[in-house]
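Working notes, beginning with the structure itself.
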There are 2 protein chains.
Amino acid sequence: MRAVDLIIKKRDGAELAREEIDFLVKGFTSNEIPDYQFSSLLMAIVLRGMTPAETAQLTRAMIESGEVIDLQGVPGPLVDKHSTGGVGDKVSLVLAPLAAACGLRVPMMSGRSLGHTGGTLDKLESIPGYRTDLSPARFREALEKIGFAMIGQSESVVPADRRMYALRDVTGTVESVPLITASIMSKKFAEGAQALLMDVKSGSGAFMKDRREATALARSLVATGAGLGRRVAAMITDMDQPLGRAVGNFIEVRECVDILQGAGPADEVQLIVQEASRMLWLGGLAASPSAGEAPARAALRDGSAWKIFLRNVEFQGGDTAVLLDPRKGPRAPLSKVLTATSDGFVSRVDAHATGIASVILGAGRSRKEDRVFPGVGITLTRSQGDEVKSGDELCRLYAETQAALEEAARLMTEAYAIGAERVPAAPRLLEEITTA
Amino acid sequence: MRAVDLIIKKRDGAELAREEIDFLVKGFTSNEIPDYQFSSLLMAIVLRGMTPAETAQLTRAMIESGEVIDLQGVPGPLVDKHSTGGVGDKVSLVLAPLAAACGLRVPMMSGRSLGHTGGTLDKLESIPGYRTDLSPARFREALEKIGFAMIGQSESVVPADRRMYALRDVTGTVESVPLITASIMSKKFAEGAQALLMDVKSGSGAFMKDRREATALARSLVATGAGLGRRVAAMITDMDQPLGRAVGNFIEVRECVDILQGAGPADEVQLIVQEASRMLWLGGLAASPSAGEAPARAALRDGSAWKIFLRNVEFQGGDTAVLLDPRKGPRAPLSKVLTATSDGFVSRVDAHATGIASVILGAGRSRKEDRVFPGVGITLTRSQGDEVKSGDELCRLYAETQAALEEAARLMTEAYAIGAERVPAAPRLLEEITTA
């Protein structure tokens, strides 16, 4: 087998066989196939696509490129959830303890802030002392004792994905449904999950701005799960507006504490309850995708999810004192309030602009090596559908420097649109894909 | 400017601007843009194509990557010819002295055998002592004194092409009309030609097996010439059957001597005369594409082209004795005659099979580092349209080893098709493209 012949095969639109995909992924990971051949293959995949069978084989080959975390024997269905990333998307922090409270085990491997979107790891690490680099043994222990665990991607799991992503990033080959599918799925199934709920975000604050692209990715994820013999369901959810009222790191943790204590923004609580229910269904603990919503809502109300969250933070080295009294948590030194200049209704808070403003404030990264600040961010006092009078507070910004505060304030002023008519908040759940 | 943004631009089907193409070609040639980015760009070009304007800019940028041979002041129109390669295609060896005999100056930069096709340089070097590595000064001197010169590609001319071709060869990006166009045209115009005749071969023995592909390449070549302000005309010629009766190196030189002495296969003489006429027209020495056919035929008949050929061989260090008495030239130690096993008419001699057989005999290369033998090859005693009786000689093979002789004989037995009805020899000239 020669790499060049397989590149030509894909270039000409043919389907690569299992052993051909193995040859390519193994050759690339072992440096036998040079980057200049693999990048040419990646571009052919971007422009020619991959069949569901090829995507499943690529995912499997990537999983086999490294270690697979062994969770055999952990009691209870192992179900994970992954979001394609959004602004104010703190769902995982509440969903993991909530699903655990309802009887699932959630082995969650998360990422960091990227571009205008936030990262679950950065949010968790805004809790002083919280460690996301658990050993496989401690990861398993957390799942057995507490019901969920949160880790980052280690060097030894799916090394092919790390190498492929670094090459894709500089060769114009990021935007590809099969490549994105294989990247997500390989990491999720290498961490030991048996089933997976995908939250595919669509809208200005998402990576997939176009609804059709989001649907194509969601279908690919579900089909690839089927090809690998795993249950995968996808929800396409709206990301034109930031999710909830908090955008940042510890600012978002505070909102999560509110939700876990039975309060929080209604639209966000609703989405979390819907996601928990789909996870219960995927794990065989609910009879239908929506049948788990009532028990999930109950587990928020009765404090059981909140207790599990506190136990996890303690297990992973975090300081629970800042959760029990959030005023003790990290705070930014500077703040600024934006107010409405006219009467009316908030018709839109642009998610993309809000995400960029939060990166400028230091909550996210524009480059991988950027430092993230735990206390900075934005509180949306008013959001879509809210009535305002001139002079009312729209939002509050928290910053480390005056320059960042001013630049973010300019962006947020433009992010808010005020109209004469009330535009009700759009429903978050746009579409569900549950079978391949 | 960042390479990745330009790769994405081409990937998404947009047109690259002049300065963007310059940035890419200069960056690649100076190693500032790594191979893995350039190969991804090449695959995007293969699958998205290039506009005529982009192809012309790519050609210009490639020419500017190295030295340009300065032929300013050489008297007479400087017109070259290039063939995309075929089996038995020895046209250049006769055409260059013929065009020079008719008043043109022909600065010819040729290549070596590649795959199943022969190479002009290998054929010339089968004349003992013949050198194709002339210095620019000697190249110019030959043009001034004799009217034509034959050289190989040097390191300093169009270095971007050599580097790009090496990368294309291993990344599945050879098959692309704009990339092939730029590769051919950059070399031809860097060697100092003012106008160019392209012989685009189509058929089983050509690189472009498909007629539509050949037409697309021919149109691209002519349009790119126009974009660069150079006169370029293209002839699409048939390569389903080998050209003439000789396939090899010195075997082909012998056939050229026959033609230069006023004899030779009629179909081949006809094609050479047609090509010479198009070159005269491109150089402004004939009123129409076909108006130069009569003077060209006369220059073959009266021996003036033959005299110029002998002077060139002498100038470039070759032994003219083997031309004056070809029995003194290189000969292979082994030979074998294939005979007809039935009565009828030769309906086909497959050009591709004949080309492969000649490579097996040692006349060409399957790998770049293979050695080429001057005396081996095939003489087609019978070709398309000829009547045969059972036992008549079909062809004669010349080899260095018995194993090669047997394997080539098997291939040639299959290359010949004998039918009951006479199939007249197909015309060589299929189509002409003279304006963009």
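Identifiers in the structure tokens: chain A, B, ... in order shown; residue index from 1 per chain; ligand index from 1 in order shown.
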
> Can you list every residue in stretch 3-240 of chain B that DSSP puts in strand (DSSP E), as a PyMOL selection string?
Replying inline: chain B and resi 79-83+106-110+148-152+195-202+231-238

Produce a file of the selected residues containing N, CA and C atoms, as a compact mmCIF listing (two decimals), in the first residue's frame.
# COMPACT_ATOMS: atom_id res chain seq x y z
N VAL B 79 10.89 30.28 -31.83
CA VAL B 79 9.66 29.49 -31.64
C VAL B 79 10.04 28.09 -31.19
N ASP B 80 9.36 27.60 -30.16
CA ASP B 80 9.62 26.25 -29.67
C ASP B 80 8.37 25.40 -29.82
N LYS B 81 8.55 24.13 -29.63
CA LYS B 81 7.45 23.17 -29.68
C LYS B 81 7.58 22.24 -28.49
N HIS B 82 6.43 21.84 -27.95
CA HIS B 82 6.46 20.90 -26.83
C HIS B 82 5.37 19.86 -27.03
N SER B 83 5.72 18.61 -26.77
CA SER B 83 4.74 17.53 -26.84
C SER B 83 4.47 17.02 -25.45
N VAL B 106 15.09 27.78 -32.92
CA VAL B 106 14.34 26.88 -32.02
C VAL B 106 15.17 26.59 -30.77
N PRO B 107 14.85 27.30 -29.66
CA PRO B 107 15.53 27.03 -28.40
C PRO B 107 14.75 25.93 -27.67
N MET B 108 15.22 24.68 -27.74
CA MET B 108 14.39 23.58 -27.25
C MET B 108 14.91 22.98 -25.96
N MET B 109 14.07 23.06 -24.91
CA MET B 109 14.39 22.43 -23.64
C MET B 109 13.51 21.20 -23.51
N SER B 110 14.12 20.03 -23.43
CA SER B 110 13.35 18.78 -23.44
C SER B 110 13.53 17.99 -22.16
N PHE B 148 19.19 25.97 -34.14
CA PHE B 148 18.46 25.30 -33.05
C PHE B 148 19.45 24.68 -32.08
N ALA B 149 18.96 24.43 -30.87
CA ALA B 149 19.77 23.81 -29.83
C ALA B 149 18.86 22.99 -28.93
N MET B 150 19.41 21.92 -28.39
CA MET B 150 18.61 21.00 -27.56
C MET B 150 19.27 20.89 -26.19
N ILE B 151 18.53 21.29 -25.14
CA ILE B 151 19.09 21.17 -23.79
C ILE B 151 18.08 20.54 -22.84
N GLY B 152 18.61 20.12 -21.70
CA GLY B 152 17.76 19.64 -20.62
C GLY B 152 17.49 20.78 -19.65
N ALA B 195 7.33 32.24 -28.93
CA ALA B 195 6.05 31.61 -29.26
C ALA B 195 6.22 30.10 -29.12
N LEU B 196 5.10 29.41 -29.01
CA LEU B 196 5.16 27.98 -28.68
C LEU B 196 4.06 27.21 -29.40
N LEU B 197 4.48 26.09 -30.01
CA LEU B 197 3.48 25.16 -30.54
C LEU B 197 3.38 23.98 -29.58
N MET B 198 2.14 23.66 -29.17
CA MET B 198 1.92 22.53 -28.26
C MET B 198 1.33 21.36 -29.02
N ASP B 199 1.95 20.21 -28.86
CA ASP B 199 1.39 18.97 -29.41
C ASP B 199 0.80 18.20 -28.23
N VAL B 200 -0.53 18.28 -28.09
CA VAL B 200 -1.19 17.60 -26.97
C VAL B 200 -1.65 16.24 -27.46
N LYS B 201 -1.02 15.20 -26.92
CA LYS B 201 -1.33 13.83 -27.36
C LYS B 201 -2.57 13.31 -26.64
N SER B 202 -3.40 12.57 -27.36
CA SER B 202 -4.61 11.98 -26.79
C SER B 202 -4.72 10.53 -27.23
N ARG B 231 2.35 34.11 -28.22
CA ARG B 231 1.53 33.33 -29.17
C ARG B 231 1.72 31.85 -28.88
N VAL B 232 0.64 31.19 -28.64
CA VAL B 232 0.66 29.75 -28.42
C VAL B 232 -0.45 29.13 -29.25
N ALA B 233 -0.12 28.07 -29.98
CA ALA B 233 -1.15 27.30 -30.69
C ALA B 233 -1.02 25.85 -30.24
N ALA B 234 -2.14 25.13 -30.30
CA ALA B 234 -2.10 23.73 -29.86
C ALA B 234 -2.71 22.83 -30.92
N MET B 235 -2.08 21.68 -31.12
CA MET B 235 -2.62 20.62 -31.98
C MET B 235 -2.92 19.44 -31.07
N ILE B 236 -4.12 18.90 -31.19
CA ILE B 236 -4.41 17.67 -30.46
C ILE B 236 -4.20 16.53 -31.45
N THR B 237 -3.28 15.64 -31.13
CA THR B 237 -2.93 14.59 -32.09
C THR B 237 -3.11 13.21 -31.48
N ASP B 238 -3.39 12.26 -32.36
CA ASP B 238 -3.75 10.91 -31.93
C ASP B 238 -2.56 10.12 -31.41

> What residues in stretch 85-198 of chain B get the DSSP label helix (DSSP H, G or I)? Please answer as a ChimeraX atom specification.
Replying inline: /B:91-101,120-124,136-145,159-171,177-190

Excluding B:Phe250 and residues on its chain fewer than 4 positions from it, collect all residues at most 7 Å away from it, counting only C-alpha atoms, and give them as a PDB file with all heavy atoms, in the first residue's frame.
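Done, and the output landed in part13.pdb:
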ATOM      1  N   LYS B 123      16.824  10.024 -26.345  1.00  0.00           N
ATOM      2  CA  LYS B 123      17.017   9.688 -27.765  1.00  0.00           C
ATOM      3  C   LYS B 123      18.275  10.369 -28.292  1.00  0.00           C
ATOM      4  O   LYS B 123      19.119   9.743 -28.937  1.00  0.00           O
ATOM      5  CB  LYS B 123      15.774  10.098 -28.573  1.00  0.00           C
ATOM      6  CG  LYS B 123      14.547   9.264 -28.193  1.00  0.00           C
ATOM      7  CD  LYS B 123      13.234   9.787 -28.779  1.00  0.00           C
ATOM      8  CE  LYS B 123      12.069   9.124 -28.035  1.00  0.00           C
ATOM      9  NZ  LYS B 123      10.755   9.619 -28.454  1.00  0.00           N
ATOM     10  N   SER B 126      21.511   8.865 -27.230  1.00  0.00           N
ATOM     11  CA  SER B 126      21.886   7.564 -27.806  1.00  0.00           C
ATOM     12  C   SER B 126      22.885   7.751 -28.962  1.00  0.00           C
ATOM     13  O   SER B 126      23.483   6.793 -29.442  1.00  0.00           O
ATOM     14  CB  SER B 126      20.641   6.806 -28.287  1.00  0.00           C
ATOM     15  OG  SER B 126      20.144   7.378 -29.489  1.00  0.00           O
ATOM     16  N   ILE B 127      23.071   9.007 -29.385  1.00  0.00           N
ATOM     17  CA  ILE B 127      24.133   9.339 -30.349  1.00  0.00           C
ATOM     18  C   ILE B 127      25.407   9.502 -29.516  1.00  0.00           C
ATOM     19  O   ILE B 127      25.467  10.401 -28.666  1.00  0.00           O
ATOM     20  CB  ILE B 127      23.818  10.654 -31.106  1.00  0.00           C
ATOM     21  CG1 ILE B 127      22.474  10.552 -31.826  1.00  0.00           C
ATOM     22  CG2 ILE B 127      24.951  11.004 -32.067  1.00  0.00           C
ATOM     23  CD1 ILE B 127      21.949  11.897 -32.356  1.00  0.00           C
ATOM     24  N   ARG B 254      17.498   6.560 -35.931  1.00  0.00           N
ATOM     25  CA  ARG B 254      17.633   6.029 -37.310  1.00  0.00           C
ATOM     26  C   ARG B 254      16.425   6.423 -38.153  1.00  0.00           C
ATOM     27  O   ARG B 254      16.560   6.787 -39.324  1.00  0.00           O
ATOM     28  CB  ARG B 254      17.760   4.503 -37.279  1.00  0.00           C
ATOM     29  CG  ARG B 254      19.086   4.018 -36.731  1.00  0.00           C
ATOM     30  CD  ARG B 254      19.168   2.516 -36.751  1.00  0.00           C
ATOM     31  NE  ARG B 254      19.273   2.015 -38.136  1.00  0.00           N
ATOM     32  CZ  ARG B 254      19.813   0.840 -38.450  1.00  0.00           C
ATOM     33  NH1 ARG B 254      20.293   0.041 -37.507  1.00  0.00           N
ATOM     34  NH2 ARG B 254      19.881   0.455 -39.706  1.00  0.00           N
ATOM     35  N   PRO B 330      24.755   2.316 -31.712  1.00  0.00           N
ATOM     36  CA  PRO B 330      24.555   1.326 -30.649  1.00  0.00           C
ATOM     37  C   PRO B 330      23.525   0.271 -31.041  1.00  0.00           C
ATOM     38  O   PRO B 330      22.512   0.575 -31.675  1.00  0.00           O
ATOM     39  CB  PRO B 330      24.063   2.166 -29.469  1.00  0.00           C
ATOM     40  CG  PRO B 330      23.590   3.445 -30.040  1.00  0.00           C
ATOM     41  CD  PRO B 330      24.383   3.673 -31.291  1.00  0.00           C
ATOM     42  N   PRO B 374      20.765   2.547 -25.078  1.00  0.00           N
ATOM     43  CA  PRO B 374      20.564   3.236 -26.362  1.00  0.00           C
ATOM     44  C   PRO B 374      20.078   2.320 -27.488  1.00  0.00           C
ATOM     45  O   PRO B 374      19.336   2.768 -28.361  1.00  0.00           O
ATOM     46  CB  PRO B 374      21.948   3.799 -26.684  1.00  0.00           C
ATOM     47  CG  PRO B 374      22.914   2.952 -25.917  1.00  0.00           C
ATOM     48  CD  PRO B 374      22.192   2.530 -24.665  1.00  0.00           C
ATOM     49  N   GLY B 375      20.485   1.025 -27.459  1.00  0.00           N
ATOM     50  CA  GLY B 375      20.220   0.196 -28.632  1.00  0.00           C
ATOM     51  C   GLY B 375      18.933  -0.614 -28.605  1.00  0.00           C
ATOM     52  O   GLY B 375      18.555  -1.202 -29.618  1.00  0.00           O
TER      53      GLY B 375
END

Would you tabulate, counting only C-alpha atoms, all residues of chain B that have an atom at most 10 Å from an atom of chain A, showing the closest pair of atoms and their distance in Å to one decimal, sorted by chain then ascending number, as JSON lines?
{"residue": "B:Arg2", "atom": "CA", "partner": "A:Val170", "partner_atom": "CA", "distance": 9.6}
{"residue": "B:Ala3", "atom": "CA", "partner": "A:Thr171", "partner_atom": "CA", "distance": 8.1}
{"residue": "B:Val4", "atom": "CA", "partner": "A:Thr171", "partner_atom": "CA", "distance": 5.5}
{"residue": "B:Asp5", "atom": "CA", "partner": "A:Gly172", "partner_atom": "CA", "distance": 7.2}
{"residue": "B:Leu6", "atom": "CA", "partner": "A:Gly172", "partner_atom": "CA", "distance": 8.5}
{"residue": "B:Ile7", "atom": "CA", "partner": "A:Gly172", "partner_atom": "CA", "distance": 5.8}
{"residue": "B:Ile8", "atom": "CA", "partner": "A:Gly172", "partner_atom": "CA", "distance": 5.0}
{"residue": "B:Lys9", "atom": "CA", "partner": "A:Gly172", "partner_atom": "CA", "distance": 8.8}
{"residue": "B:Lys10", "atom": "CA", "partner": "A:Gly172", "partner_atom": "CA", "distance": 9.5}
{"residue": "B:Arg11", "atom": "CA", "partner": "A:Leu47", "partner_atom": "CA", "distance": 7.6}
{"residue": "B:Asp12", "atom": "CA", "partner": "A:Leu47", "partner_atom": "CA", "distance": 9.0}
{"residue": "B:Pro34", "atom": "CA", "partner": "A:Tyr36", "partner_atom": "CA", "distance": 8.3}
{"residue": "B:Asp35", "atom": "CA", "partner": "A:Tyr36", "partner_atom": "CA", "distance": 5.4}
{"residue": "B:Tyr36", "atom": "CA", "partner": "A:Tyr36", "partner_atom": "CA", "distance": 3.7}
{"residue": "B:Gln37", "atom": "CA", "partner": "A:Thr171", "partner_atom": "CA", "distance": 5.2}
{"residue": "B:Phe38", "atom": "CA", "partner": "A:Tyr36", "partner_atom": "CA", "distance": 7.8}
{"residue": "B:Ser39", "atom": "CA", "partner": "A:Ser40", "partner_atom": "CA", "distance": 5.3}
{"residue": "B:Ser40", "atom": "CA", "partner": "A:Ser40", "partner_atom": "CA", "distance": 4.5}
{"residue": "B:Leu41", "atom": "CA", "partner": "A:Thr171", "partner_atom": "CA", "distance": 7.8}
{"residue": "B:Leu42", "atom": "CA", "partner": "A:Ser40", "partner_atom": "CA", "distance": 7.5}
{"residue": "B:Met43", "atom": "CA", "partner": "A:Ser40", "partner_atom": "CA", "distance": 5.7}
{"residue": "B:Ala44", "atom": "CA", "partner": "A:Met43", "partner_atom": "CA", "distance": 6.4}
{"residue": "B:Val46", "atom": "CA", "partner": "A:Arg11", "partner_atom": "CA", "distance": 8.6}
{"residue": "B:Leu47", "atom": "CA", "partner": "A:Leu47", "partner_atom": "CA", "distance": 7.2}
{"residue": "B:Arg48", "atom": "CA", "partner": "A:Leu47", "partner_atom": "CA", "distance": 8.6}
{"residue": "B:Leu167", "atom": "CA", "partner": "A:Tyr36", "partner_atom": "CA", "distance": 8.1}
{"residue": "B:Arg168", "atom": "CA", "partner": "A:Gln37", "partner_atom": "CA", "distance": 9.6}
{"residue": "B:Asp169", "atom": "CA", "partner": "A:Val4", "partner_atom": "CA", "distance": 8.2}
{"residue": "B:Val170", "atom": "CA", "partner": "A:Val4", "partner_atom": "CA", "distance": 5.5}
{"residue": "B:Thr171", "atom": "CA", "partner": "A:Gln37", "partner_atom": "CA", "distance": 5.2}
{"residue": "B:Gly172", "atom": "CA", "partner": "A:Ile8", "partner_atom": "CA", "distance": 5.0}
{"residue": "B:Thr173", "atom": "CA", "partner": "A:Ile8", "partner_atom": "CA", "distance": 7.9}
{"residue": "B:Val174", "atom": "CA", "partner": "A:Ile8", "partner_atom": "CA", "distance": 9.6}
{"residue": "B:Glu175", "atom": "CA", "partner": "A:Ile8", "partner_atom": "CA", "distance": 9.5}

> Do you know which residues are at most 8 Å from B:Ala353 counting only C-alpha atoms, after dropping those on the same chain fewer than 5 positions away, and could you put them as a PyMOL selection string?
Replying inline: chain B and resi 205+411-412+414-415

> Neighbours of A:Gly262 within 8 Å (only C-alpha atoms; same-chain residues fewer than 6 positions away dropped), as a PyMOL selection string?
Replying inline: chain A and resi 300-303

>> List as a ChimeraX atom specification the protein and nucleic acid residues near B:Gly344, meaning an atom at most 10 Å away when only C-alpha atoms are counted, but skip any in the same chain fewer than 2 places from it.
In response: /B:340-342,346-347,385-390,417-422

> Suppose you want the space between atom CA of B:Gly244 and atom CA of B:Asp267; what is it in Å?
Replying inline: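 The value is 7.0 Å.
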
Got a sec: who's within 7 Å of A:Gly203, counting only C-alpha atoms, leaving out chain neighbours fewer than 3 positions off, as an mmCIF file with N, CA and C atoms, in the first residue's frame?
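New file result-v6.cif:
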data_model
loop_
_atom_site.group_PDB
_atom_site.id
_atom_site.type_symbol
_atom_site.label_atom_id
_atom_site.label_comp_id
_atom_site.auth_asym_id
_atom_site.auth_seq_id
_atom_site.Cartn_x
_atom_site.Cartn_y
_atom_site.Cartn_z
ATOM 1 N N ALA A 206 -21.940 30.216 17.515
ATOM 2 C CA ALA A 206 -21.487 28.829 17.353
ATOM 3 C C ALA A 206 -20.396 28.763 16.286
ATOM 4 N N MET A 208 -20.653 26.486 13.905
ATOM 5 C CA MET A 208 -21.512 26.252 12.744
ATOM 6 C C MET A 208 -22.560 27.359 12.749
ATOM 7 N N LYS A 209 -22.327 28.422 11.986
ATOM 8 C CA LYS A 209 -23.263 29.539 11.959
ATOM 9 C C LYS A 209 -24.512 29.164 11.155
ATOM 10 N N ASP A 210 -24.322 28.252 10.233
ATOM 11 C CA ASP A 210 -25.389 27.895 9.321
ATOM 12 C C ASP A 210 -26.139 26.660 9.838
ATOM 13 N N ASP A 238 -30.042 26.478 19.762
ATOM 14 C CA ASP A 238 -29.806 27.847 19.292
ATOM 15 C C ASP A 238 -28.659 28.532 20.024
ATOM 16 N N MET A 239 -27.750 29.148 19.280
ATOM 17 C CA MET A 239 -26.647 29.898 19.867
ATOM 18 C C MET A 239 -26.545 31.277 19.217
ATOM 19 N N ASP A 240 -27.717 31.857 18.879
ATOM 20 C CA ASP A 240 -27.728 33.236 18.385
ATOM 21 C C ASP A 240 -27.619 34.208 19.559
#

> Which value, in Å to one decimal, gives the distance between atom CA of A:Ala351 and atom CA of A:Gly88?
Replying inline: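 Distance reported for this atom pair: 8.7 Å.
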
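The residue that comes closest to B:Glu155, out of B:Glu67, B:Leu228, B:Pro128, B:Leu143 and on the basis of only C-alpha atoms, is B:Glu67.
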
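Computed from the coordinates, the atom CA of A:Gly27 to atom CA of A:Ala166 distance equals 16.3 Å.
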
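Remark: for B:Gly76, the closest of the candidate residues B:Ala56, B:Ala246, B:Leu104, B:Cys395 is B:Leu104 (distances computed over only C-alpha atoms).
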
> Of the residues A:Gly377, A:Gly115, A:Gly229, A:Gly49, which is the one nearest to A:Gly86, using only C-alpha atoms?
Replying inline: A:Gly115
